[in-house]
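Chemist: Got a structure for you, written out below as structure tokens; questions coming shortly.
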Amino acid sequence: MDGVLQLGPLMLATDRAVAVALLWAFVAVGGMLAHRYDIRAAKTAWLALVAGILAARIGFIAGNFSAFREDPWSMLFLWQGGFSWWLGVAAAALVIVVTLGRTRAGFALLGATAVLAGINGAATVLLAAEPWPLPPGLALASLDGAPIDLDAERGQPMVINLWATWCPPCRREMPMLIDVAAGSTVPVLLANQGESAPQVRAYLKREGLPDGAIRLDPGGMLATATGSSALPTTLFIDGDGRIRKTHSGEISRAALTAAIRDLERNP
């Protein structure tokens with residue numbers, strides 16, 4: 001359910017894995033064209049790749065600047081995702097046209113750009129899961145042990161982040177998640193998986209973090225019920241109790257706030 005490719009401790013969201021594979025395919029095409037038509041094609045492919053990634057990232061940052069302004073260093077955290085791919089494709093095409101012009105290699109590399117961009121777009125649509133219901137009967141607990149029935153929360157959108165204190169990316173994103181949760185009109189619940197209240201309290205005290213959004217799931221039932229095998233995973237749930245979107249791995253402030261805005265606009 002979580003759309004993750006996992007090899008031992010390594011984890012990569014499926015859509016990002018497809019994008020990486022297509023980028024390498026683009027470079028490989030450039031190498032083949034250099035061998036067959038024009039030696040400049042290989043270098044051009046690399047230049048187009050770098051220009052495309054930078055343009056795609058800058059476009060996403062510009063569209064979500066208020067979130068990045070809170071944490072400027074996160075602009076460099078490419079592994080968290082966040083790209084305006086159409087800008088990237090346009091930038092790559094421009095580099096190809098300027099560098100290779102109306103040559104056979106230039107037309108071939110532009111064609112490869114269009115084909116690979118189309119494949120990426122199709123893969124994005126195919127890999128996007130249809131909204132599916134949050135299983136009934138699930139409950140969390142506060143740090144004081146008070147039960148929290150998730151069925152009672154239906155009727156309003158909410159965000160649930162699955163995390164653990166032993167998980168490095170969970171620890172990296174936790175201060176940001178707590179900060180966003182404190183100011184969000186959509187409830188953001190940070191559901192610790194499989195650990196006790198003393199363990200979680202000790203971690204929060206050590207890191208100087210408030211506990212207002214922290215919830216407990218000692219048996220890890222929420223991860224099991226939603227098919228979330230990787231931590232961290234963030235679930236975006238609409239007012240009808242459907243999981244509209246999941247994000248596997250560390251999430252950026254920009255991606256989190258953009259998804260929350262979508263829930264606010266389409267509850």
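For the structure tokens, the naming scheme is as follows: chains receive sequential letters (A, B, ...) according to their order of presentation, residues are indexed from 1 within each chain, and ligands are indexed from 1 in presentation order.
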Using only C-alpha atoms, which residues sit within 8 Å of A:Ala105 once same-chain residues fewer than 6 positions away are excluded, as a VMD selection string?

Modeler: chain A and resid 33 to 34 37 to 38 41

Chemist: Would you output that residue set with C-alpha atoms, as a PDB file, in the first residue's frame?

Modeler:
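Listing of again_5.pdb after writing:
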ATOM      1  CA  LEU A  33      23.983   9.139 -29.602  1.00  0.00           C
ATOM      2  CA  ALA A  34      27.524  10.385 -28.944  1.00  0.00           C
ATOM      3  CA  TYR A  37      26.182  10.647 -34.379  1.00  0.00           C
ATOM      4  CA  ASP A  38      27.843  13.443 -32.414  1.00  0.00           C
ATOM      5  CA  ALA A  41      25.595  14.373 -27.227  1.00  0.00           C
TER       6      ALA A  41
END

Chemist: Residues near stretch 42-51 of chain A, anyone? I mean within 7 Å using only C-alpha atoms, not counting same-chain ones fewer than 3 positions away, as a VMD selection string.

Modeler: chain A and resid 27 30 to 31 34 39 54 to 55 91 to 92 95 to 96 99

Chemist: Write the residues of the selection above to a file with N, CA and C atoms, as a PDB file, in the first residue's frame.

Modeler:
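Saved the output as again_33.pdb:
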ATOM      1  N   VAL A  27      20.594   9.679 -19.733  1.00  0.00           N
ATOM      2  CA  VAL A  27      22.049   9.802 -19.869  1.00  0.00           C
ATOM      3  C   VAL A  27      22.596   8.704 -20.777  1.00  0.00           C
ATOM      4  N   GLY A  30      22.055   9.588 -24.319  1.00  0.00           N
ATOM      5  CA  GLY A  30      23.050  10.561 -24.732  1.00  0.00           C
ATOM      6  C   GLY A  30      24.377   9.909 -25.090  1.00  0.00           C
ATOM      7  N   GLY A  31      24.773   8.914 -24.318  1.00  0.00           N
ATOM      8  CA  GLY A  31      26.004   8.197 -24.621  1.00  0.00           C
ATOM      9  C   GLY A  31      25.936   7.444 -25.931  1.00  0.00           C
ATOM     10  N   ALA A  34      26.155   9.896 -28.786  1.00  0.00           N
ATOM     11  CA  ALA A  34      27.524  10.385 -28.944  1.00  0.00           C
ATOM     12  C   ALA A  34      28.359   9.383 -29.727  1.00  0.00           C
ATOM     13  N   ILE A  39      29.738  13.447 -30.900  1.00  0.00           N
ATOM     14  CA  ILE A  39      30.423  13.250 -29.631  1.00  0.00           C
ATOM     15  C   ILE A  39      29.901  14.190 -28.548  1.00  0.00           C
ATOM     16  N   LEU A  54      17.757  21.162 -11.610  1.00  0.00           N
ATOM     17  CA  LEU A  54      17.795  22.461 -10.929  1.00  0.00           C
ATOM     18  C   LEU A  54      16.535  23.272 -11.208  1.00  0.00           C
ATOM     19  N   ALA A  55      16.120  23.310 -12.468  1.00  0.00           N
ATOM     20  CA  ALA A  55      14.926  24.080 -12.817  1.00  0.00           C
ATOM     21  C   ALA A  55      13.683  23.502 -12.144  1.00  0.00           C
ATOM     22  N   ALA A  91      13.596  23.033 -19.347  1.00  0.00           N
ATOM     23  CA  ALA A  91      14.992  23.463 -19.220  1.00  0.00           C
ATOM     24  C   ALA A  91      15.925  22.503 -19.941  1.00  0.00           C
ATOM     25  N   ALA A  92      15.672  21.203 -19.810  1.00  0.00           N
ATOM     26  CA  ALA A  92      16.509  20.208 -20.490  1.00  0.00           C
ATOM     27  C   ALA A  92      16.407  20.369 -22.003  1.00  0.00           C
ATOM     28  N   VAL A  95      18.470  23.351 -23.201  1.00  0.00           N
ATOM     29  CA  VAL A  95      19.907  23.051 -23.247  1.00  0.00           C
ATOM     30  C   VAL A  95      20.244  22.247 -24.503  1.00  0.00           C
ATOM     31  N   ILE A  96      19.410  21.277 -24.827  1.00  0.00           N
ATOM     32  CA  ILE A  96      19.653  20.446 -26.014  1.00  0.00           C
ATOM     33  C   ILE A  96      19.617  21.285 -27.281  1.00  0.00           C
ATOM     34  N   THR A  99      22.681  23.622 -27.432  1.00  0.00           N
ATOM     35  CA  THR A  99      23.968  22.937 -27.567  1.00  0.00           C
ATOM     36  C   THR A  99      24.103  22.182 -28.884  1.00  0.00           C
TER      37      THR A  99
END

Chemist: Which distance in Å separates atom CA of A:Ala67 and atom CA of A:Thr233, to one decimal?

Modeler: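 Spanning atom CA of A:Ala67 to atom CA of A:Thr233 is a straight-line distance of 19.9 Å.
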
Chemist: Env of A:Pro147: 12 Å cut, atoms = only C-alpha atoms, seq-sep filter 3 positions within chain, self excluded. Answer as a PyMOL selection string.

Modeler: chain A and resi 138-144+150-152+215-218

Chemist: Just write the chosen residues, N, CA and C atoms, as a compact mmCIF listing (two decimals), in the first residue's frame.

Modeler:
# COMPACT_ATOMS: atom_id res chain seq x y z
N LEU A 138 -9.71 1.29 14.74
CA LEU A 138 -8.34 1.61 15.14
C LEU A 138 -8.35 2.65 16.25
N ALA A 139 -7.41 2.51 17.16
CA ALA A 139 -7.33 3.45 18.28
C ALA A 139 -5.87 3.74 18.60
N LEU A 140 -5.62 4.96 19.00
CA LEU A 140 -4.32 5.38 19.51
C LEU A 140 -4.48 5.72 20.98
N ALA A 141 -3.43 6.18 21.59
CA ALA A 141 -3.49 6.58 23.00
C ALA A 141 -2.63 7.82 23.19
N SER A 142 -3.01 8.64 24.14
CA SER A 142 -2.17 9.78 24.51
C SER A 142 -1.00 9.27 25.35
N LEU A 143 -0.05 10.14 25.62
CA LEU A 143 1.09 9.74 26.46
C LEU A 143 0.64 9.41 27.88
N ASP A 144 -0.52 9.93 28.27
CA ASP A 144 -1.07 9.62 29.60
C ASP A 144 -1.90 8.35 29.60
N LEU A 150 -10.05 6.50 16.57
CA LEU A 150 -9.96 7.18 15.28
C LEU A 150 -11.30 7.20 14.54
N ASP A 151 -12.17 6.24 14.82
CA ASP A 151 -13.50 6.27 14.20
C ASP A 151 -14.25 7.53 14.60
N ALA A 152 -14.00 8.02 15.81
CA ALA A 152 -14.69 9.22 16.29
C ALA A 152 -14.18 10.48 15.61
N ARG A 215 1.13 10.78 19.81
CA ARG A 215 0.21 9.70 20.18
C ARG A 215 0.98 8.38 20.19
N LEU A 216 0.40 7.40 20.84
CA LEU A 216 1.05 6.10 20.96
C LEU A 216 0.24 5.02 20.25
N ASP A 217 0.95 4.12 19.62
CA ASP A 217 0.37 2.91 19.01
C ASP A 217 1.30 1.76 19.39
N PRO A 218 1.23 1.31 20.65
CA PRO A 218 2.22 0.35 21.17
C PRO A 218 2.31 -0.94 20.37

Chemist: Excluding stretch 240-247 of chain A and its own-chain neighbours fewer than 5 positions away, which residues fall within 12 Å of it when counting only C-alpha atoms? Please give them as a ChimeraX atom specification.

Modeler: /A:1-4,12-16,80-82,127-136,138,150-162,223,225-235,252,255-256,258-260,262-263,266-267

Chemist: Quick one: pick out all helix (DSSP H, G or I) residues within stretch 85-196 of chain A from a backbone DSSP run and write them as a PyMOL selection string.

Modeler: chain A and resi 85-100+104-127+150-153+168-183

Chemist: Between atom CA of A:Trp79 and atom CA of A:Glu173, what is the distance, to one decimal in Å?

Modeler: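 Those two atoms sit 12.9 Å apart.
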
Chemist: For the atom pair atom CA of A:Arg261 and atom CA of A:Leu177, what is the interatomic distance in Å to one decimal place?

Modeler: 15.1 Å

Chemist: Could you find all residues in stretch 117-247 of chain A that DSSP calls strand (DSSP E) from the backbone, and write them as a tab-separated table (two decimals) with C-alpha atoms, in the first residue's frame?

Modeler:
chain	number	residue	atom	x	y	z
A	132	TRP	CA	-9.06	3.83	0.14
A	133	PRO	CA	-10.78	3.66	3.53
A	139	ALA	CA	-7.33	3.45	18.28
A	140	LEU	CA	-4.32	5.38	19.51
A	141	ALA	CA	-3.49	6.58	23.00
A	147	PRO	CA	-7.63	6.12	24.41
A	148	ILE	CA	-8.22	7.98	21.14
A	149	ASP	CA	-10.77	6.31	18.88
A	158	MET	CA	-6.55	14.60	9.43
A	159	VAL	CA	-2.90	13.69	8.98
A	160	ILE	CA	-1.23	10.78	10.73
A	161	ASN	CA	2.54	10.35	10.76
A	162	LEU	CA	3.90	6.93	11.72
A	163	TRP	CA	7.28	7.15	13.42
A	188	VAL	CA	-1.77	16.25	12.69
A	189	LEU	CA	-1.23	13.18	14.87
A	190	LEU	CA	2.28	11.81	15.33
A	191	ALA	CA	1.65	8.14	16.09
A	192	ASN	CA	4.66	6.41	17.58
A	193	GLN	CA	4.86	2.78	16.51
A	214	ILE	CA	2.32	12.85	20.07
A	215	ARG	CA	0.21	9.70	20.18
A	216	LEU	CA	1.05	6.10	20.96
A	217	ASP	CA	0.37	2.91	19.01
A	233	THR	CA	5.08	7.19	6.61
A	234	THR	CA	2.60	10.06	6.53
A	235	LEU	CA	-1.08	9.38	5.82
A	236	PHE	CA	-3.39	12.11	4.52
A	237	ILE	CA	-6.99	11.22	5.37
A	242	ARG	CA	-10.34	7.68	3.15
A	243	ILE	CA	-6.58	7.64	2.86
A	244	ARG	CA	-6.20	10.03	-0.03
A	245	LYS	CA	-2.41	10.08	-0.16
A	246	THR	CA	0.61	8.54	1.53
A	247	HIS	CA	4.18	9.78	1.70

Chemist: Find, counting only C-alpha atoms, the residue in A:Glu264, A:Ile251, A:Thr257, A:Met32 that gets nearest to A:Leu78.

Modeler: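 For A:Leu78, the nearest of the given residues is A:Ile251.
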